[in-house]
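A.B. asks: So that you have it, the file is coords_27.txt, and it contains compact mmCIF, C-alpha atoms:
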```txt
# COMPACT_ATOMS: atom_id res chain seq x y z
CA MET B 91 -69.79 68.66 43.47
CA GLY B 92 -67.12 71.31 43.96
CA ALA B 93 -64.46 68.72 44.55
CA THR B 94 -65.41 66.89 41.36
CA LYS B 95 -65.20 70.11 39.38
CA TYR B 96 -61.73 70.87 40.68
CA THR B 97 -60.59 67.32 40.08
CA ARG B 98 -61.83 67.51 36.49
CA ARG B 99 -60.07 70.84 35.97
CA ALA B 100 -56.85 69.49 37.42
CA LEU B 101 -57.06 66.46 35.16
CA VAL B 102 -57.66 68.58 32.07
CA GLY B 103 -54.80 70.87 33.05
CA TRP B 104 -52.48 67.93 33.58
CA LEU B 105 -53.38 66.41 30.22
CA GLY B 106 -52.88 69.80 28.59
CA THR B 107 -49.42 70.10 30.08
CA LEU B 108 -48.59 66.60 28.91
CA ALA B 109 -49.74 67.32 25.35
CA GLY B 110 -47.90 70.62 25.28
CA GLY B 111 -44.73 68.94 26.47
CA ALA B 112 -45.04 66.31 23.78
CA VAL B 113 -45.41 68.99 21.10
CA LEU B 114 -42.38 70.87 22.37
CA LEU B 115 -40.30 67.73 22.48
CA SER B 116 -41.32 66.92 18.91
CA VAL B 117 -40.31 70.41 17.79
CA ASP B 118 -36.80 70.30 19.23
CA GLY B 119 -36.23 66.75 18.12
CA ARG B 120 -35.69 65.23 21.53
CA SER B 121 -38.60 62.85 21.20
CA LYS B 122 -36.91 60.69 18.61
CA GLY B 123 -35.95 58.15 21.23
CA PRO B 124 -32.85 57.44 23.26
CA ILE B 125 -29.65 58.82 21.81
CA VAL B 126 -27.74 55.96 23.40
CA PRO B 127 -29.27 52.93 21.70
CA SER B 128 -30.76 50.33 23.95
CA ASN B 129 -28.51 47.62 22.57
CA LEU B 130 -25.55 49.41 24.21
CA ALA B 131 -27.28 49.84 27.58
CA ARG B 132 -27.36 46.28 28.76
CA PRO B 133 -28.07 44.93 32.24
CA ARG B 134 -25.38 44.10 34.70
CA THR B 135 -25.31 40.34 35.15
CA ALA B 136 -23.12 40.16 38.22
CA GLN B 137 -25.18 40.82 41.31
CA LEU B 138 -24.21 41.34 44.87
CA PRO B 139 -25.00 38.26 46.91
CA LYS B 140 -28.23 38.15 48.79
CA GLY B 141 -28.22 37.39 52.47
CA GLY B 142 -25.11 37.10 54.53
CA THR B 143 -24.52 38.48 57.99
CA TYR B 144 -21.68 40.70 58.99
CA ASP B 145 -19.83 39.38 62.02
CA HIS B 146 -18.08 42.10 64.02
CA GLU B 147 -16.04 39.53 65.95
CA SER B 148 -14.24 38.17 62.90
CA GLN B 149 -14.82 41.41 60.94
CA GLN B 150 -16.01 39.38 57.98
CA MET B 151 -19.26 38.81 56.16
CA LYS B 152 -20.53 35.30 56.80
CA GLY B 153 -23.02 33.14 54.99
CA TYR B 154 -22.45 34.02 51.40
CA ASP B 155 -20.11 32.99 48.67
CA ILE B 156 -19.39 35.12 45.66
CA LYS B 157 -16.94 34.30 42.93
CA ILE B 158 -17.94 36.88 40.40
CA ALA B 159 -15.06 38.53 38.63
CA ASP B 160 -14.65 42.28 38.51
CA THR B 161 -17.98 43.70 39.56
CA GLY B 162 -17.35 46.47 37.12
CA THR B 163 -18.77 49.92 37.45
CA ALA B 164 -21.04 49.03 40.32
CA THR B 165 -18.33 48.72 42.93
CA ASP B 166 -15.22 49.47 41.00
CA GLU B 167 -15.11 53.07 42.05
CA ASP B 168 -14.81 54.42 45.51
CA GLN B 169 -17.27 56.38 47.54
CA GLU B 170 -16.60 59.71 45.90
CA GLN B 171 -17.70 58.45 42.58
CA SER B 172 -20.65 56.46 43.82
CA THR B 173 -22.06 59.50 45.59
CA THR B 174 -22.71 61.06 42.22
CA TYR B 175 -25.81 58.91 42.10
CA TRP B 176 -27.46 60.43 45.06
CA ASP B 177 -26.07 63.87 45.62
CA GLY B 178 -26.52 64.96 42.05
CA GLU B 179 -23.05 66.37 41.97
CA SER B 180 -19.90 64.88 40.58
CA LYS B 181 -17.32 65.48 43.26
CA MET M 271 -8.75 60.61 73.73
CA ASP M 272 -9.56 57.56 75.86
CA ASN M 273 -9.65 54.24 74.16
CA ALA M 274 -13.02 52.55 74.53
CA THR M 275 -11.42 49.19 75.25
CA GLY M 276 -9.08 50.61 77.88
CA ALA M 277 -6.07 49.23 76.00
CA ARG M 278 -3.04 51.47 75.92
CA SER M 279 -2.71 52.93 72.47
CA GLU M 280 1.07 52.57 72.40
CA ASP M 281 0.62 48.79 72.60
CA ARG M 282 -1.31 48.56 69.38
CA LYS M 283 -0.46 48.71 65.70
CA LEU M 284 -3.50 48.24 63.51
CA LEU M 285 -4.35 48.15 59.84
CA LEU M 286 -7.41 50.35 59.26
CA ILE M 287 -9.45 49.33 56.20
CA PHE M 288 -12.13 51.59 54.76
CA THR M 289 -14.51 49.29 52.93
CA ASN M 290 -18.01 47.79 52.96
CA THR M 291 -19.38 44.60 54.46
CA TYR M 292 -19.70 42.83 51.12
CA ASP M 293 -16.10 43.28 50.08
CA LEU M 294 -14.88 39.73 49.73
CA SER M 295 -11.34 40.87 49.00
CA THR M 296 -11.27 42.58 52.39
CA ASN M 297 -12.43 39.32 53.97
CA ARG M 298 -9.29 37.72 52.57
CA ILE M 299 -7.05 40.46 53.93
CA VAL M 300 -8.63 40.34 57.39
CA ASP M 301 -8.30 36.59 57.42
CA LYS M 302 -4.58 36.70 56.62
CA VAL M 303 -3.55 39.68 58.72
CA GLY M 304 -5.69 38.55 61.65
CA SER M 305 -8.88 40.07 62.96
CA GLY M 306 -7.17 41.41 66.09
CA ARG M 307 -4.67 43.43 64.03
CA VAL M 308 -7.22 44.98 61.69
CA PHE M 309 -9.93 47.55 62.24
CA ARG M 310 -12.48 47.22 59.46
CA PHE M 311 -14.72 50.23 58.95
CA ASN M 312 -17.65 49.39 56.69
CA PHE M 313 -19.26 52.48 55.28
CA ASP M 314 -22.50 50.68 54.36
CA ILE M 315 -23.17 50.09 58.10
CA TRP M 316 -21.71 53.31 59.48
CA HIS M 317 -24.68 53.53 61.86
CA ASP M 318 -23.14 50.65 63.81
CA TYR M 319 -20.00 52.57 64.75
CA GLN M 320 -19.21 55.43 67.10
CA ILE M 321 -16.86 58.09 65.78
CA ARG M 322 -15.19 60.93 67.65
CA ILE M 323 -12.72 63.37 66.17
CA GLY M 324 -10.83 65.99 68.14
CA PRO M 325 -8.07 68.44 67.24
CA THR M 326 -5.30 65.84 67.15
CA ASP M 327 -6.95 62.46 67.35
CA PHE M 328 -9.90 60.39 66.29
CA GLU M 329 -11.49 57.25 67.58
CA ILE M 330 -13.77 54.75 65.84
CA VAL M 331 -15.47 52.09 67.93
CA ASN M 332 -17.32 49.08 66.58
CA PRO M 333 -20.40 47.57 68.29
CA LEU M 334 -18.25 45.14 70.26
CA GLY M 335 -16.22 47.96 71.77
CA PHE M 336 -13.17 47.29 69.59
CA ALA M 337 -11.66 50.71 68.95
CA VAL M 338 -9.03 52.34 66.85
CA THR M 339 -7.46 55.75 67.42
CA ARG M 340 -5.31 57.79 65.09
CA HIS M 341 -2.29 56.75 67.14
CA ASP M 342 -3.12 53.04 66.74
CA VAL M 343 -3.14 53.13 62.96
CA ALA M 344 0.08 51.75 61.53
CA LYS M 345 -1.32 51.60 58.00
CA ALA M 346 -4.57 52.51 56.27
CA TYR M 347 -6.02 50.87 53.16
CA TRP M 348 -8.71 52.58 51.11
CA ARG M 349 -10.67 49.70 49.68
CA LYS M 350 -14.26 50.25 48.59
CA PRO M 351 -16.25 52.27 51.11
CA VAL M 352 -19.69 52.42 49.52
CA SER M 353 -23.04 53.70 50.74
CA ARG M 354 -25.62 51.09 51.72
CA PHE M 355 -27.99 52.76 49.29
CA PHE M 356 -25.60 51.99 46.52
CA LEU M 357 -25.33 48.36 47.57
CA GLU M 358 -28.98 47.83 48.39
CA GLY M 359 -30.01 49.24 45.08
CA HIS M 360 -28.78 46.09 43.39
CA ARG M 361 -30.56 43.79 45.78
CA GLU M 362 -33.80 45.67 45.43
CA ARG M 363 -33.62 45.50 41.71
CA SER M 364 -33.00 41.80 41.67
CA ALA M 365 -36.00 41.23 43.94
CA ARG M 366 -38.46 43.39 42.05
CA SER M 367 -41.70 41.86 40.99
CA ILE M 368 -42.88 41.86 37.38
CA LEU M 369 -45.77 44.13 38.40
CA ARG M 370 -43.42 46.62 40.05
CA ARG M 371 -41.16 46.61 37.02
CA ALA M 372 -44.14 47.29 34.77
CA VAL M 373 -45.28 50.19 36.97
CA GLU M 374 -41.77 51.64 36.95
CA ALA M 375 -41.52 51.29 33.20
CA LEU M 376 -44.84 53.07 32.72
CA SER M 377 -44.16 55.84 35.22
CA ARG M 378 -40.51 56.10 34.17
CA THR M 379 -39.63 56.30 37.86
CA PRO M 380 -35.95 55.62 38.23
CA SER M 381 -35.46 52.58 40.42
CA TYR M 382 -31.98 53.84 41.21
CA PRO M 383 -31.14 55.35 43.57
CA PRO M 384 -33.35 53.37 45.90
CA ARG M 385 -35.64 55.05 48.38
CA MET M 386 -33.75 57.74 50.22
CA THR M 387 -35.14 60.74 52.05
CA ALA M 388 -33.50 64.14 52.04
CA GLN M 389 -32.49 63.59 55.65
CA GLU M 390 -30.93 60.21 54.88
CA ARG M 391 -29.05 61.78 52.03
CA TYR M 392 -27.78 64.49 54.35
CA LEU M 393 -26.63 61.96 56.95
CA GLU M 394 -24.84 59.85 54.34
CA ALA M 395 -23.16 62.93 52.91
CA GLU M 396 -21.96 64.06 56.34
CA MET M 397 -20.54 60.64 57.11
CA ASN M 398 -19.00 60.35 53.68
CA TYR M 399 -17.30 63.69 54.25
CA VAL M 400 -15.96 62.78 57.67
CA VAL M 401 -14.69 59.36 56.59
CA GLY M 402 -12.90 61.11 53.75
CA GLU M 403 -11.34 63.44 56.29
CA ILE M 404 -10.18 60.57 58.53
CA ARG M 405 -8.57 59.12 55.43
CA ASN M 406 -6.98 62.48 54.64
CA LEU M 407 -5.58 62.81 58.15
CA LEU M 408 -3.95 59.40 57.74
CA TRP M 409 -2.72 60.36 54.28
CA LYS M 410 -1.16 63.44 55.87
CA ASP M 411 0.37 61.17 58.55
CA GLU M 412 1.86 59.08 55.70
CA LYS M 413 -0.07 56.00 56.80
CA LEU M 414 -2.10 55.46 53.63
CA VAL M 415 -0.70 52.61 51.52
CA LEU M 416 -1.12 51.09 48.06
CA VAL M 417 -4.39 52.60 46.82
CA GLU M 418 -4.71 56.26 45.98
CA PRO M 419 -8.27 57.36 46.74
CA ALA M 420 -10.23 58.85 43.88
CA SER M 421 -7.28 58.79 41.51
CA HIS M 422 -9.68 59.23 38.59
CA ARG M 423 -9.70 62.94 39.45
CA ARG M 424 -6.19 63.29 38.09
CA LEU M 425 -5.79 60.08 36.13
CA GLY M 426 -8.86 59.36 34.06
CA LYS M 427 -8.86 57.18 30.99
CA LEU M 428 -7.71 59.87 28.58
CA VAL M 429 -4.70 60.85 30.69
CA GLN M 430 -3.88 57.18 31.22
CA LEU M 431 -3.94 56.53 27.48
CA GLU M 432 -1.84 59.54 26.60
CA ILE M 433 0.90 58.48 29.01
CA ALA M 434 0.52 54.81 28.09
CA SER M 435 1.23 55.53 24.44
CA ARG M 436 4.86 56.15 25.41
CA TYR M 437 5.16 52.67 26.94
CA PHE M 438 2.72 50.39 25.13
CA ASP M 439 0.77 49.92 21.94
CA VAL M 440 -2.51 51.77 22.41
CA PRO M 441 -5.49 51.31 20.09
CA GLU M 442 -6.26 54.55 18.30
CA TYR M 443 -8.87 56.42 20.29
CA ARG M 444 -10.85 59.59 20.22
CA PHE M 445 -13.62 61.36 22.06
CA THR M 446 -16.15 63.35 20.06
CA PHE M 447 -19.12 65.52 20.78
CA GLU M 448 -20.15 67.00 17.46
CA PRO M 449 -23.92 67.42 17.32
CA ASN M 450 -23.71 69.39 14.08
CA ALA M 451 -21.16 67.22 12.32
CA THR M 452 -21.84 65.69 8.96
CA GLU M 453 -22.18 61.96 8.56
CA ARG M 454 -19.40 59.82 9.95
CA GLU M 455 -17.55 57.24 7.94
CA SER M 456 -18.92 53.74 8.36
CA ARG M 457 -16.36 51.83 10.39
CA GLN M 458 -16.40 49.13 13.04
CA ARG M 459 -15.20 50.59 16.32
CA ILE M 460 -15.31 49.87 20.01
CA VAL M 461 -17.41 52.25 22.07
CA LYS M 462 -16.91 52.67 25.82
CA SER M 463 -18.36 54.70 28.62
CA LEU M 464 -15.94 57.02 30.37
CA SER M 465 -18.03 57.67 33.47
CA GLY M 466 -19.67 54.30 34.03
CA GLU M 467 -22.92 56.09 34.81
CA ARG M 468 -26.08 54.03 34.62
CA LEU M 469 -28.42 54.27 31.68
CA GLY M 470 -31.44 52.92 33.50
CA SER M 471 -32.39 50.36 36.03
CA ASN M 472 -29.25 48.28 36.44
CA ALA M 473 -28.20 49.06 32.86
CA PHE M 474 -24.72 50.09 31.82
CA MET M 475 -23.11 50.95 28.56
CA TRP M 476 -20.85 47.97 28.25
CA THR M 477 -17.89 48.08 25.94
CA SER M 478 -19.41 47.17 22.58
CA THR M 479 -18.67 46.92 18.90
CA VAL M 480 -20.51 49.51 16.83
CA ASP M 481 -20.60 51.00 13.38
CA GLU M 482 -19.33 54.50 14.10
CA ALA M 483 -21.60 55.97 11.42
CA GLU M 484 -24.65 54.82 13.37
CA LEU M 485 -23.76 56.61 16.59
CA ASP M 486 -26.15 59.46 17.38
CA ARG M 487 -24.22 62.69 17.00
CA ARG M 488 -26.16 64.32 19.82
CA ALA M 489 -24.33 62.18 22.36
CA PRO M 490 -20.69 62.30 23.45
CA TRP M 491 -18.81 59.18 22.37
CA PHE M 492 -15.50 57.62 23.25
CA VAL M 493 -14.41 55.18 20.57
CA GLN M 494 -11.36 53.05 19.95
CA ASP M 495 -10.11 50.93 17.11
CA LEU M 496 -11.28 47.36 17.16
CA VAL M 497 -8.53 44.93 18.12
CA LYS M 498 -8.92 41.35 16.95
CA ALA M 499 -7.36 39.88 20.06
CA ASP M 500 -6.98 36.27 21.05
CA ARG M 501 -6.59 36.92 24.76
CA ASP M 502 -7.39 39.37 27.50
CA LEU M 503 -4.52 40.03 29.86
CA THR M 504 -4.83 41.65 33.25
CA ILE M 505 -1.88 42.53 35.44
CA VAL M 506 -2.18 43.17 39.16
CA HIS M 507 0.62 45.59 39.98
CA ILE M 508 1.63 45.77 43.63
CA ARG M 509 4.47 48.22 44.20
CA GLY M 510 6.83 46.85 41.61
CA GLN M 511 5.54 43.28 41.54
CA ASN M 512 3.39 42.18 38.62
CA PHE M 513 0.97 39.25 38.64
CA ALA M 514 -0.36 38.45 35.19
CA PHE M 515 -3.47 36.50 34.24
CA ASP M 516 -4.96 35.82 30.85
CA LEU M 517 -8.26 34.73 29.39
CA GLU M 518 -9.00 33.18 25.99
CA ARG M 519 -11.52 35.43 24.28
CA SER M 520 -13.00 32.59 22.24
CA ALA M 521 -14.85 31.52 25.40
CA PHE M 522 -17.11 34.58 25.41
CA VAL M 523 -16.55 36.87 22.46
CA ASP M 524 -19.62 35.61 20.61
CA ARG M 525 -21.71 37.01 23.49
CA SER M 526 -19.84 40.23 24.26
CA VAL M 527 -16.49 41.87 23.58
CA ASP M 528 -16.41 42.86 27.26
CA TRP M 529 -15.48 39.91 29.48
CA ARG M 530 -16.97 41.61 32.54
CA GLU M 531 -20.43 41.41 31.01
CA VAL M 532 -20.27 37.60 31.05
CA GLY M 533 -18.52 37.29 34.39
CA GLU M 534 -20.34 34.08 35.27
CA VAL M 535 -18.59 32.47 32.29
CA THR M 536 -15.20 34.14 32.44
CA THR M 537 -14.48 34.17 36.19
CA PRO M 538 -13.12 30.61 36.45
CA LEU M 539 -11.27 30.81 33.13
CA TRP M 540 -8.58 33.31 34.09
CA ARG M 541 -5.18 31.63 34.39
CA PRO M 542 -1.83 32.88 35.67
CA CYS M 543 0.62 33.53 32.85
CA ASN M 544 4.17 34.70 32.41
CA LEU M 545 4.92 38.25 31.35
CA PRO M 546 7.73 39.01 28.95
CA GLU M 547 10.46 40.68 31.00
CA GLU M 548 10.49 43.65 28.69
CA LEU M 549 6.74 44.21 29.16
CA CYS M 550 7.14 43.84 32.91
CA GLY M 551 9.71 46.64 32.86
CA ARG M 552 7.38 48.85 30.87
CA VAL M 553 4.55 48.24 33.32
CA ASN M 554 6.81 49.24 36.22
CA ALA M 555 7.98 52.35 34.39
CA TYR M 556 4.41 53.33 33.48
CA MET M 557 3.14 52.86 37.02
CA ALA M 558 6.05 54.89 38.36
CA GLU M 559 5.28 57.73 35.97
CA VAL M 560 1.58 57.82 36.80
CA GLY M 561 2.46 57.59 40.49
CA LEU M 562 0.46 54.48 41.40
CA ASP M 563 1.67 51.80 43.80
CA PHE M 564 -1.31 49.59 43.02
CA GLY M 565 -3.38 49.05 39.93
CA ARG M 566 -4.89 46.45 37.67
CA LEU M 567 -3.84 47.02 34.10
CA ASP M 568 -5.93 45.59 31.29
CA PHE M 569 -4.51 44.63 27.91
CA LEU M 570 -5.64 42.85 24.78
CA VAL M 571 -3.16 40.42 23.26
CA GLU M 572 -3.10 40.14 19.49
CA ASN M 573 -0.37 37.71 18.41
CA GLU M 574 2.71 39.24 20.05
CA THR M 575 1.24 42.71 20.49
CA TYR M 576 0.04 43.87 23.91
CA TRP M 577 -2.58 46.59 23.51
CA PHE M 578 -3.02 48.73 26.62
CA LEU M 579 -6.62 49.47 27.54
CA GLU M 580 -6.65 51.02 31.01
CA VAL M 581 -5.42 50.86 34.57
CA ASN M 582 -7.87 50.68 37.46
CA SER M 583 -6.20 52.10 40.55
CA ASN M 584 -8.54 50.26 42.93
CA GLY M 585 -9.32 47.28 40.72
CA GLU M 586 -10.85 44.06 41.90
CA TRP M 587 -8.38 41.22 42.44
CA GLY M 588 -10.10 38.72 44.74
CA TRP M 589 -11.27 36.35 42.04
CA LEU M 590 -7.79 36.12 40.51
CA ASP M 591 -6.30 34.63 43.65
CA PHE M 592 -9.25 33.20 45.46
CA ASP M 593 -7.36 30.68 47.57
CA GLY M 594 -4.17 32.71 47.91
CA SER M 595 -2.10 30.30 45.82
CA ARG M 596 -1.25 32.75 43.04
CA GLY M 597 0.79 35.30 44.94
CA VAL M 598 -1.50 38.32 44.78
CA LEU M 599 -2.95 37.94 48.26
CA LYS M 600 0.46 37.32 49.80
CA ALA M 601 1.97 40.38 48.12
CA LEU M 602 -0.91 42.53 49.34
CA VAL M 603 -0.70 41.18 52.87
CA ASP M 604 3.05 41.83 52.89
CA GLU M 605 2.33 45.47 52.10
CA LEU M 606 -0.64 45.84 54.44
CA ASP M 607 0.55 43.97 57.51
CA PRO M 608 0.88 46.57 60.30
CA ASP M 609 4.26 45.15 61.32
CA THR M 610 6.00 45.24 57.93
CA PRO M 611 7.86 48.35 56.70
CA ILE M 612 5.51 51.02 55.43
CA HIS M 613 5.60 52.52 51.94
CA PRO M 614 3.07 55.33 52.00
CA ILE M 615 1.51 56.58 48.80
CA PRO M 616 2.75 60.00 47.69
CA LEU M 617 1.48 63.01 49.59
CA ASP M 618 1.08 64.95 46.40
CA PRO M 619 -0.08 62.56 43.70
CA PHE M 620 -0.82 65.40 41.30
CA ILE M 621 2.87 65.48 40.52
CA PHE M 622 3.55 62.79 37.97
CA GLY M 623 6.71 60.78 38.08
CA VAL M 624 8.53 58.93 40.82
CA PRO M 625 8.41 61.09 43.96
CA ALA M 626 11.56 61.48 45.99
CA GLY M 627 12.03 58.72 48.54
CA HIS M 628 9.35 56.62 46.91
CA ASP M 629 11.53 53.73 45.95
CA LEU M 630 10.45 50.87 43.76
CA PRO M 631 11.94 47.39 43.95
CA ASP M 632 14.35 46.46 41.19
```
Represent the structure contained in this file as structure tokens.
C.D. replies:
Amino acid sequence: MGATKYTRRALVGWLGTLAGGAVLLSVDGRSKGPIVPSNLARPRTAQLPKGGTYDHESQQMKGYDIKIADTGTATDEDQEQSTTYWDGESK
Amino acid sequence: MDNATGARSEDRKLLLIFTNTYDLSTNRIVDKVGSGRVFRFNFDIWHDYQIRIGPTDFEIVNPLGFAVTRHDVAKAYWRKPVSRFFLEGHRERSARSILRRAVEALSRTPSYPPRMTAQERYLEAEMNYVVGEIRNLLWKDEKLVLVEPASHRRLGKLVQLEIASRYFDVPEYRFTFEPNATERESRQRIVKSLSGERLGSNAFMWTSTVDEAELDRRAPWFVQDLVKADRDLTIVHIRGQNFAFDLERSAFVDRSVDWREVGEVTTPLWRPCNLPEELCGRVNAYMAEVGLDFGRLDFLVENETYWFLEVNSNGEWGWLDFDGSRGVLKALVDELDPDTPIHPIPLDPFIFGVPAGHDLPD
């Protein structure tokens, strides 16, 4: 019984937080939707090839063939820039 | 430091390439230079290597026992060393199930970056740091050639454009962040991302045509005048040599103004073309001023006008000379071969202009 009570309280609290957040977002105007319209944020069509095995003898990747031009932002920058995605800091 | 293979270091002159396993362009280089004269370090599989660094030397050993020391390195080429998490993110996304996508959409859980624990992040960061330091040691040794690492730190798009306006026609551009501004004039413009940061799962802000008045003023925007171009032109610049390729925009412009977005269509359509001698001279002068030995410069061609867009200092080139018949691969191999004369990139690239002793071919 006790566990059910606490679960119910936690659920009510969580919903309350959610509702409060929604109200606050409405007040400061940030809930109007994305400020970069979705028609500008389009998917990357060029994908890295699946499969392939790296061969240390020849020092080349074997078993795949890719002829996609300029892979764009995904691999166009070097490691410093790509780390911004996972270290949260632009170096 | 002992060499893991037992070979005497003074016998060896190697090209060290910092890259990742999926870099097809590096495959081409290794193939031409010869596997025995190249040490390829792939950052996405750094776990496979052993690395030791002492006060005056370093050694990297691959799983087969092939090793390179600081002394062995005749030249170093900074290609595209990228974390496996960065690469695998794309594969994971492409393999996601509809159900998983729906759950992600509902929970708004970012699918990028892919799963990565704090410890994994720490290990990647440590290795990223140390690989950067190996590169810096070789830069200090004047062994680093062609590509300047992380040149965007000093030479981002806005600096590029400002300098380019002295050499080329540049579409009018401006960056604005004016959340309190009044309405903008309605005008067709091109909008671009400066950072290339993702806007969601595998989504980018591609270069697009917009009505400037409709852009949300709460966001920062970089816009340029719309150029009604017939052709895209890209020039691979390799230390004074220019290799030009063009692409008819009619083949894709009804789908996107950005040819990269429809790469599956545009890749085979690029053709080598001749550059006017006068433009070639301007490209050389521009690259000398910005202090880059290598870069891929993008232009739009409208009648006889060449509109400069940007230079990518580590731009892709593999698809432009896939079989090595168009000169790009040969020119790169000539620069990278460990036995050809070395032309190191400047030690202090923050100084613009042609550094002393950094000669360019006529």
A.B. asks: Using all atoms listed in the file and a distance of at most 6 Å, pull out the residues of chain M that contact chain B, as a list in words.
C.D. replies: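 That gives Asn297, Ser305, Lys350, Pro351, Val352, Gly466, Asn472, Ala473, Phe474, Met475, Asp486, Gly533, Thr537, Glu586 and Trp589 of chain M for chain M.
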A.B. asks: Fewer than 6 positions away in the same chain doesn't count, so skip those; otherwise give me all residues within 7 Å of Val343 in chain M, counting only C-alpha atoms, as a compact mmCIF listing (two decimals) with C-alpha atoms, keeping the file's coordinate frame.
C.D. replies:
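File written: around-v9.txt
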```
# COMPACT_ATOMS: atom_id res chain seq x y z
CA LYS M 283 -0.46 48.71 65.70
CA LEU M 284 -3.50 48.24 63.51
CA LEU M 285 -4.35 48.15 59.84
CA LEU M 286 -7.41 50.35 59.26
```
A.B. asks: What's the separation between CA of Arg307 in chain M and CA of Glu329 in chain M, in Å to one decimal place?
C.D. replies: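 CA of Arg307 in chain M sits 15.8 Å away from CA of Glu329 in chain M.
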A.B. asks: Enter the distance from CA of Phe569 in chain M to CA of Phe447 in chain M, in Å, rounded to one decimal.
C.D. replies: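 So the two atoms, CA of Phe569 in chain M and CA of Phe447 in chain M, lie 26.5 Å apart.
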A.B. asks: Between CA of Asp528 in chain M and CA of Thr477 in chain M, what is the distance, to one decimal in Å?
C.D. replies: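 It comes out at 5.6 Å.
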A.B. asks: Name the residues within 8 Å of (-22.5, 45.0, 53.1), counting all atoms listed in the file in the file's coordinates, and put them as number ranges by chain.
C.D. replies: B: 144, 151; M: 290-293, 312, 314-315, 354, 357
A.B. asks: Using only C-alpha atoms, please write the residues we just selected to a file, as a PDB file, in the coordinates of the input.
C.D. replies:
```pdb
ATOM      1  CA  TYR B 144     -21.680  40.700  58.990  1.00  0.00           C
ATOM      2  CA  MET B 151     -19.260  38.810  56.160  1.00  0.00           C
TER       3      MET B 151
ATOM      4  CA  ASN M 290     -18.010  47.790  52.960  1.00  0.00           C
ATOM      5  CA  THR M 291     -19.380  44.600  54.460  1.00  0.00           C
ATOM      6  CA  TYR M 292     -19.700  42.830  51.120  1.00  0.00           C
ATOM      7  CA  ASP M 293     -16.100  43.280  50.080  1.00  0.00           C
ATOM      8  CA  ASN M 312     -17.650  49.390  56.690  1.00  0.00           C
ATOM      9  CA  ASP M 314     -22.500  50.680  54.360  1.00  0.00           C
ATOM     10  CA  ILE M 315     -23.170  50.090  58.100  1.00  0.00           C
ATOM     11  CA  ARG M 354     -25.620  51.090  51.720  1.00  0.00           C
ATOM     12  CA  LEU M 357     -25.330  48.360  47.570  1.00  0.00           C
TER      13      LEU M 357
END
```
